[in-house]
Amino acid sequence: MTLSDVASALRLSKGTVSMALKGNPLVAEHTRRAVSAKAEELGYVYNRGAASLSTGVTGLVGLAVHNLTNPYFTRVCAAIEDELERHGQIALLCNLDESREKQTRFIKALNEQNADGLIICPAAGTTPEELPTRLSNGSPVVLFARDIEGEDFDYVGNDDEAAMRLATRHIIEKGHRRIAFVGAGVQTSVARDRRTGFLGEMERAELSIDPALMIESSIYPEGGEFAVEKLMAVADRPTAIICFTDYIAMGVVSKLHELGVIPGRDIAVIGCDGISEGARAYVSLSTISVQKRLLGATAATLLHRRLETPDAPPRRLSTPPIPIFRTSSRAAR
């Protein structure tokens with residue numbers, strides 16, 4: 001069974017059938033469905049490998065993220081994959097687990113597969129020398145969520161400084177003055193920007209910052225649990241905890257509960273990212289939500305625009321954060 005047989009059965013050109021099987025959006029959706037159904041009926045399997053030899057297009061796009069265990073990133077990646085699928089492309093997914101070595105191996109594999117591009121949230125500490133702006137075949141590399149300064153990447157991310165300013169301002173307006181910040185160091189643009197937002201808003205309110213309340217933690221819930229242990233050991237405990245992410249905040253809330261300290265009653269807690277799990281915590285978590293579907297869809301769109309206009313100037317976009325205040329961040333008593 002050949003492509004010509006499918007085309008003949010539908011009275012379409014081979015070119016149209018080929019484009020339809022690749023999921024090309026230039027072909028009407030009803031035509032794509034008809035072609036797929038007829039190909040399945042006739043037992044025809046489209047050979048993408050053979051097609052890529054003549055067109056140079058594989059339909060494969062690398063999708064790498066530093067930490068897929070965080071529900072925030074699973075939702076962003078789902079949005080990216082949906083947009084790629086709409087353009088007939090398949091995502092090759094890699095969980096970097098913050099490993100720059102794994103990141104390098106993945107890029108090498110994409111080059112070997114002649115991939116059509118890479119959409120990546122890079123591992124912490126990635127330098128411009130470690131991440132090319134293009135793959136070896138000239139296909140584009142797009143950054144999402146985390147930026148790399150000094151390079152001409154297309155990039156889309158949350159306005160992280162603004163997000164943390166919103167969180168900090170909310171806590172201050174609730175009457176809190178002893179405010180802890182649980183963060184993840186300064187190895188990524190997100191960590192730096194959110195830390196800057198917190199410090200900037202504290203300075204604007206003319207509030208002093210106690211170094212004992214600035215806790216560097218891992219990016220996992222266990223990091224939040226560790227932070228609570230340290231904060232509860234401080235002589236003058238904080239009345240509020242601002243967390244770098246909701247993922248960390250979930251650990252904070254869990255440990256506080258274990259210690260009999262109730263968020264929203266005994267202490268205020270707020271996170272950032274807007275994962276749905278926060279709304280279902282035993283005390284619903286206040287957060288500054290990132291528009292995850294918009295961010296993911298925009299990342300894929302940036303890739304497609306770069307493929308269409310390879311010489312255009314780099315596009316750098318940000319999505320505005322949305323505050324969601326719940327039980328966990330009530331006023332100081």
# chains A, B, ... in the order shown; residues from 1 in each chain; ligands from 1

$ select_by_dssp --residues "segment 101-233 of chain A" --states "alpha helix (DSSP H)" --output "MDAnalysis selection string"
chainID A and resid 101:112 160:173 189:204 221:232

$ residues_around --residues "segment 297-299 of chain A" --least-positions-apart "4" --cutoff "10 Å" --atoms "only C-alpha atoms" --output "VMD selection string"
chain A and resid 76 to 84 119 to 120 142 to 145 154 to 157 292 to 293 303 to 304 317 to 319

$ write_last_selection --atoms "C-alpha atoms" --output "PDB file, in the first residue's frame"
ATOM      1  CA  VAL A  76       3.056  23.977  30.938  1.00  0.00           C
ATOM      2  CA  CYS A  77       4.478  21.010  29.015  1.00  0.00           C
ATOM      3  CA  ALA A  78       0.973  19.722  28.273  1.00  0.00           C
ATOM      4  CA  ALA A  79       0.121  23.088  26.704  1.00  0.00           C
ATOM      5  CA  ILE A  80       3.314  23.018  24.627  1.00  0.00           C
ATOM      6  CA  GLU A  81       2.567  19.500  23.435  1.00  0.00           C
ATOM      7  CA  ASP A  82      -1.014  20.425  22.506  1.00  0.00           C
ATOM      8  CA  GLU A  83       0.223  23.287  20.330  1.00  0.00           C
ATOM      9  CA  LEU A  84       2.888  21.119  18.691  1.00  0.00           C
ATOM     10  CA  ILE A 119      11.822  24.100  23.557  1.00  0.00           C
ATOM     11  CA  ILE A 120      13.625  24.092  26.874  1.00  0.00           C
ATOM     12  CA  VAL A 142      13.308  28.471  22.407  1.00  0.00           C
ATOM     13  CA  LEU A 143      13.541  29.103  26.150  1.00  0.00           C
ATOM     14  CA  PHE A 144      10.543  29.053  28.465  1.00  0.00           C
ATOM     15  CA  ALA A 145      10.206  29.908  32.177  1.00  0.00           C
ATOM     16  CA  ASP A 154      13.421  33.531  21.739  1.00  0.00           C
ATOM     17  CA  TYR A 155      11.991  33.431  25.258  1.00  0.00           C
ATOM     18  CA  VAL A 156       8.700  33.479  27.119  1.00  0.00           C
ATOM     19  CA  GLY A 157       8.285  33.449  30.879  1.00  0.00           C
ATOM     20  CA  LYS A 292       0.491  28.055  32.408  1.00  0.00           C
ATOM     21  CA  ARG A 293      -1.474  27.256  29.267  1.00  0.00           C
ATOM     22  CA  LEU A 303       9.235  28.036  17.732  1.00  0.00           C
ATOM     23  CA  HIS A 304       6.873  28.043  14.757  1.00  0.00           C
ATOM     24  CA  LEU A 317       7.719  37.844  25.952  1.00  0.00           C
ATOM     25  CA  SER A 318       6.291  37.670  29.471  1.00  0.00           C
ATOM     26  CA  THR A 319       2.919  36.611  30.823  1.00  0.00           C
TER      27      THR A 319
END

$ atom_distance --atom1 "atom CA of Leu21 of chain A" --atom2 "atom CA of Gly59 of chain A"
11.1 Å

$ closest_residue --among "A:Ile179, A:Ile241, A:Ala312, A:Ile322" --to "Gln291 of chain A" --atoms "only C-alpha atoms"
A:Ile322

$ residues_around --residues "Val253 of chain A" --least-positions-apart "5" --cutoff "8 Å" --atoms "only C-alpha atoms" --output "PyMOL selection string"
chain A and resi 263+269+283

$ write_last_selection --atoms "N, CA and C atoms" --output "tab-separated table (two decimals), in the first residue's frame"
chain	number	residue	atom	x	y	z
A	263	PRO	N	-1.74	27.33	59.18
A	263	PRO	CA	-1.66	28.47	58.25
A	263	PRO	C	-3.01	29.17	58.15
A	269	VAL	N	0.85	31.94	55.01
A	269	VAL	CA	1.70	31.29	54.00
A	269	VAL	C	1.16	31.64	52.62
A	283	VAL	N	-5.43	23.41	54.29
A	283	VAL	CA	-5.73	24.84	54.35
A	283	VAL	C	-5.42	25.38	52.96

$ atom_distance --atom1 "atom CA of Asp160 of chain A" --atom2 "atom CA of Arg194 of chain A"
5.3 Å

$ select_by_dssp --residues "segment 100-289 of chain A" --states "strand (DSSP E)" --output "PyMOL selection string"
chain A and resi 118-121+141-144+154-158+179-183+214-216+240-243+268-273+286-289

$ residues_around --residues "segment 35-45 of chain A" --least-positions-apart "4" --cutoff "9 Å" --atoms "only C-alpha atoms" --output "number ranges by chain"
A: 1-3, 5-7, 9-10, 17, 20-21, 30-31

$ decode --residues "segment 64-105 of chain A" --atoms "N, CA and C atoms" --output "compact mmCIF listing (two decimals), in the first residue's frame"
# COMPACT_ATOMS: atom_id res chain seq x y z
N ALA A 64 12.41 19.91 26.75
CA ALA A 64 13.19 19.59 27.95
C ALA A 64 12.81 20.51 29.09
N VAL A 65 12.66 19.95 30.27
CA VAL A 65 12.31 20.75 31.45
C VAL A 65 13.14 20.27 32.63
N HIS A 66 13.52 21.21 33.48
CA HIS A 66 14.45 20.89 34.56
C HIS A 66 13.86 19.98 35.61
N ASN A 67 12.52 19.99 35.78
CA ASN A 67 11.92 19.21 36.86
C ASN A 67 10.46 18.90 36.56
N LEU A 68 10.20 17.73 36.04
CA LEU A 68 8.83 17.36 35.67
C LEU A 68 8.00 16.91 36.86
N THR A 69 8.61 16.72 38.02
CA THR A 69 7.82 16.29 39.18
C THR A 69 6.95 17.43 39.71
N ASN A 70 7.31 18.66 39.40
CA ASN A 70 6.53 19.82 39.83
C ASN A 70 5.28 19.93 38.95
N PRO A 71 4.08 19.86 39.53
CA PRO A 71 2.85 19.92 38.72
C PRO A 71 2.77 21.16 37.84
N TYR A 72 3.39 22.24 38.25
CA TYR A 72 3.41 23.46 37.44
C TYR A 72 3.97 23.17 36.06
N PHE A 73 5.08 22.46 36.00
CA PHE A 73 5.73 22.22 34.72
C PHE A 73 5.03 21.15 33.90
N THR A 74 4.37 20.19 34.55
CA THR A 74 3.60 19.22 33.76
C THR A 74 2.48 19.92 33.00
N ARG A 75 1.89 20.94 33.60
CA ARG A 75 0.80 21.66 32.94
C ARG A 75 1.32 22.54 31.80
N VAL A 76 2.46 23.17 32.01
CA VAL A 76 3.06 23.98 30.94
C VAL A 76 3.45 23.08 29.77
N CYS A 77 4.06 21.93 30.07
CA CYS A 77 4.48 21.01 29.02
C CYS A 77 3.28 20.45 28.25
N ALA A 78 2.18 20.20 28.95
CA ALA A 78 0.97 19.72 28.27
C ALA A 78 0.48 20.75 27.27
N ALA A 79 0.55 22.03 27.62
CA ALA A 79 0.12 23.09 26.70
C ALA A 79 1.06 23.18 25.50
N ILE A 80 2.35 23.01 25.73
CA ILE A 80 3.31 23.02 24.63
C ILE A 80 3.01 21.86 23.68
N GLU A 81 2.81 20.68 24.25
CA GLU A 81 2.57 19.50 23.43
C GLU A 81 1.28 19.64 22.63
N ASP A 82 0.25 20.21 23.23
CA ASP A 82 -1.01 20.43 22.51
C ASP A 82 -0.80 21.30 21.28
N GLU A 83 -0.02 22.36 21.44
CA GLU A 83 0.22 23.29 20.33
C GLU A 83 1.09 22.63 19.26
N LEU A 84 2.07 21.84 19.67
CA LEU A 84 2.89 21.12 18.69
C LEU A 84 2.03 20.13 17.90
N GLU A 85 1.16 19.42 18.60
CA GLU A 85 0.30 18.44 17.94
C GLU A 85 -0.61 19.11 16.92
N ARG A 86 -1.05 20.31 17.25
CA ARG A 86 -1.91 21.06 16.32
C ARG A 86 -1.18 21.35 15.01
N HIS A 87 0.14 21.37 15.07
CA HIS A 87 0.95 21.61 13.87
C HIS A 87 1.56 20.32 13.33
N GLY A 88 1.03 19.18 13.78
CA GLY A 88 1.50 17.91 13.26
C GLY A 88 2.86 17.49 13.76
N GLN A 89 3.29 18.02 14.89
CA GLN A 89 4.61 17.70 15.44
C GLN A 89 4.48 16.86 16.71
N ILE A 90 5.53 16.10 16.98
CA ILE A 90 5.57 15.24 18.16
C ILE A 90 6.69 15.70 19.08
N ALA A 91 6.39 15.79 20.37
CA ALA A 91 7.39 16.22 21.34
C ALA A 91 8.21 15.03 21.83
N LEU A 92 9.52 15.20 21.84
CA LEU A 92 10.43 14.25 22.47
C LEU A 92 10.77 14.82 23.84
N LEU A 93 10.21 14.24 24.89
CA LEU A 93 10.25 14.84 26.22
C LEU A 93 11.45 14.34 27.03
N CYS A 94 12.10 15.28 27.72
CA CYS A 94 13.23 14.92 28.58
C CYS A 94 13.10 15.64 29.92
N ASN A 95 13.09 14.88 31.01
CA ASN A 95 13.14 15.45 32.36
C ASN A 95 14.61 15.60 32.73
N LEU A 96 15.10 16.83 32.77
CA LEU A 96 16.53 17.06 33.00
C LEU A 96 16.96 16.77 34.43
N ASP A 97 16.03 16.89 35.36
CA ASP A 97 16.34 16.67 36.77
C ASP A 97 17.53 17.54 37.20
N GLU A 98 17.55 18.77 36.69
CA GLU A 98 18.59 19.76 37.00
C GLU A 98 20.00 19.31 36.63
N SER A 99 20.12 18.38 35.68
CA SER A 99 21.43 17.88 35.27
C SER A 99 21.87 18.53 33.96
N ARG A 100 22.92 19.32 34.01
CA ARG A 100 23.44 19.95 32.79
C ARG A 100 24.08 18.90 31.88
N GLU A 101 24.61 17.83 32.46
CA GLU A 101 25.19 16.76 31.64
C GLU A 101 24.09 16.05 30.84
N LYS A 102 22.97 15.77 31.49
CA LYS A 102 21.84 15.14 30.80
C LYS A 102 21.32 16.07 29.71
N GLN A 103 21.31 17.35 29.99
CA GLN A 103 20.88 18.36 29.02
C GLN A 103 21.76 18.32 27.78
N THR A 104 23.07 18.23 27.97
CA THR A 104 24.01 18.17 26.85
C THR A 104 23.78 16.91 26.02
N ARG A 105 23.55 15.78 26.69
CA ARG A 105 23.31 14.52 25.97
C ARG A 105 22.01 14.59 25.17
